[in-house]
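Asker: Structure below; questions to follow.
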Amino acid sequence: MLTIDVEKKIPHKTLQITCTIGDEIIAIVGPSGTGKTTFLNMIAGIVTPDNGYIKFRDQIFTQDGKSCIPTQQRKVGYVFQDYALFPHKTVWENIAYSMQNENRTREWIRALHMEHLLDKYPREISGGEKQRTALLRAYAMEPQILLLDEPFSALDERTKETSYTQLCRLHEQWKIPVIFVTHNPHEVKKIANRVYRLGETFVEERT
Amino acid sequence: MEQVNLFPFWLSLKTALISTVFVFIIGMMIAYFVAKKDFFGKSVLEAIIMLPLVLPPTVVGFGLLYLFGKNGFIGKWLMAQFDVQIVFTWYGVLLAAIVVSFPLMYQSAVAAFQQYDRNLEYVAYTLGKSRWNVFWTISFPLAWPGLLSGTVLAFARALGEFGATLMIAGYIPNVTDTIPIAIYFAVESGEMGVAKFWVVTIVIIGFIAIYWLNWWSRKHMMKHKQ
């Protein structure tokens with residue numbers, strides 16, 4: 001269970017977020033610039049909230065403006081919006097950077113049709129392939145929480161469908177909180193258990 | 001041509017190599033810290049580090065003499081504690097080389113640590129890697145072209161150092177006569193052949209260093225593009 005009750009000043013507003021997330025897939029929707037990425041960054045420990053707390057299971061990630069557990073120890077898999085692939089490492093080296101199990105990782109690579117790209121550098125592959133590499137890198141660490149910032153936006157329709165199925169299957173196995181930011185209503189309908197809208201306020205949307 | 005004593009070549013090379021190793025390690029550490037952190041007095045610290053780049057070498061030499069001279073604050077302490085004299089010794093030559101070449105390394109290193117996307121370090125942290133591990137596997141390789149460029153420039157600057165060296169170490173043949181100092185005193189004493197020899201030598205070394213750096217940067221530029 002991930003419990004969040006935080007406040008964070010961002011340009012033009014104060015972000016106030018209160019929610020409890022179980023081992024489910026949550027979609028975060030809302031216009032650009034409302035703080036969706038900041039929300040994910042707070043869970044990952046990249047940004048510290050000004051007030052409030054973030055708790056995960058029996059761990060307190062952050063409390064009263066202080067980070068209690070550093071990013072390195074949170075076991076958060078994070079796919080950044082711009083992928084953040086290491087440019088000096090090949091696709092395989094990116095995926096294997098924090099890999100837990102090679103056999104499982106190779107299975108996921110096959111499912112996303114990435115075997116032929118493993119020796120290439122990020123500059124040599126397309127946007128969609130970069131996005132899949134970033135997804136695989138986050139999966140390979142076998143996280144306790146998965147944060148995805150528009151993870152499927154650059155994929156073609158067929159790969160999107162495969163990726164949805166793979167994410168749902170992994171979620172089924174791992175039973176962890178998965179939070180993904182999206183602008184795609186089809187994606188929300190297809191994989192999210194619940195939806196939160198982040199605009200002026202942070203509210204759960206009835207689907 | 002008169003018989004040329006090769007001592008200045010070996011002294012310059014030794015000084016430039018040792019000062020570059022020192023400047024590389026310390027410069028990289030300070031630059032990494034400054035590039036990643038905001039703290040009180042950061043601008044003042046940066047201005048102090050960069051000062052030797054804009055000040056006349058004689059002013060830098062005077063400052064070093066003031067601090068490291070026999071009656072200087074640090075000089076006195078070094079003599080009392082370690083029986084080490086800086087003025088008119090090879091240590092003075094080394095100190096001058098370090099001080100004048102440090103800003104070049106520092107400037108390149110700060111730029112190198114600031115030019116790549118910080119998310120690359122953040123994502124490595126989310127993948128469970130320690131700061132030390134992230135530094136060696138992500139930050140250092142990504143900053144390497146800039147660090148190397150700073151190192152080559154610092155080496156070339158240390159090799160060519162003249163003014164501050166003359167102020168603090170003077171001209172003592174076979175003790176403190178680096179190539180630039182040997183050139184100056186060869187010209188002064190009318191030994192134009194010797195002066196020409198050293199001029200050609202130092203031009204060749206400088207040219208090779210810069211040429212190699214440019215060649216290497218072009219070759220490796222592509223690898224670090226996103």
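Residues in the structure tokens are named by chain (A, B, ... in the order shown) and by number from 1 within that chain; ligands are numbered from 1 in the order shown.
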Neighbouring residues of Gln85 of chain B were defined as those with any atom within 8 Å, considering only C-alpha atoms; residues of the same chain fewer than 4 positions away were excluded. Please report them as a PyMOL selection string.

Answerer: chain B and resi 70+75+78-79+89+91

Asker: What residues in chain B have any atom no more than 10 Å from chain A when counting only C-alpha atoms, and can you write them as number ranges by chain?

Answerer: B: 116-131, 137-138, 141-142, 222-226

Asker: In Å, with one decimal, what is the gap from atom CA of Leu64 of chain B to atom CA of Met29 of chain B?

Answerer: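 Separation of atom CA of Leu64 of chain B and atom CA of Met29 of chain B: 23.1 Å.
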
Asker: Show me, as a list in words, the residues that have an atom within 8 Å of Val6 of chain A when counting only C-alpha atoms, minus same-chain residues fewer than 2 positions from it.

Answerer: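 Near Val6 of chain A, the qualifying residues are Ile4, Lys8, Leu15, Gln16, Ile17, Thr18, Pro49, Asp50, Asn51, Gly52, Tyr53 and Ile54 of chain A.
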
Asker: Quick one: pick out all helix (DSSP H, G or I) residues within segment 1-174 of chain B from a backbone DSSP run and write them as an NGL selection string.

Answerer: :B and (7-36 or 42-54 or 57-68 or 73-82 or 90-114 or 119-126 or 131-160 or 163-169)

Asker: Between atom CA of Trp198 of chain B and atom CA of Pro180 of chain B, what distance in Å does the model show, to one decimal?

Answerer: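 These atoms are spaced 7.8 Å apart.
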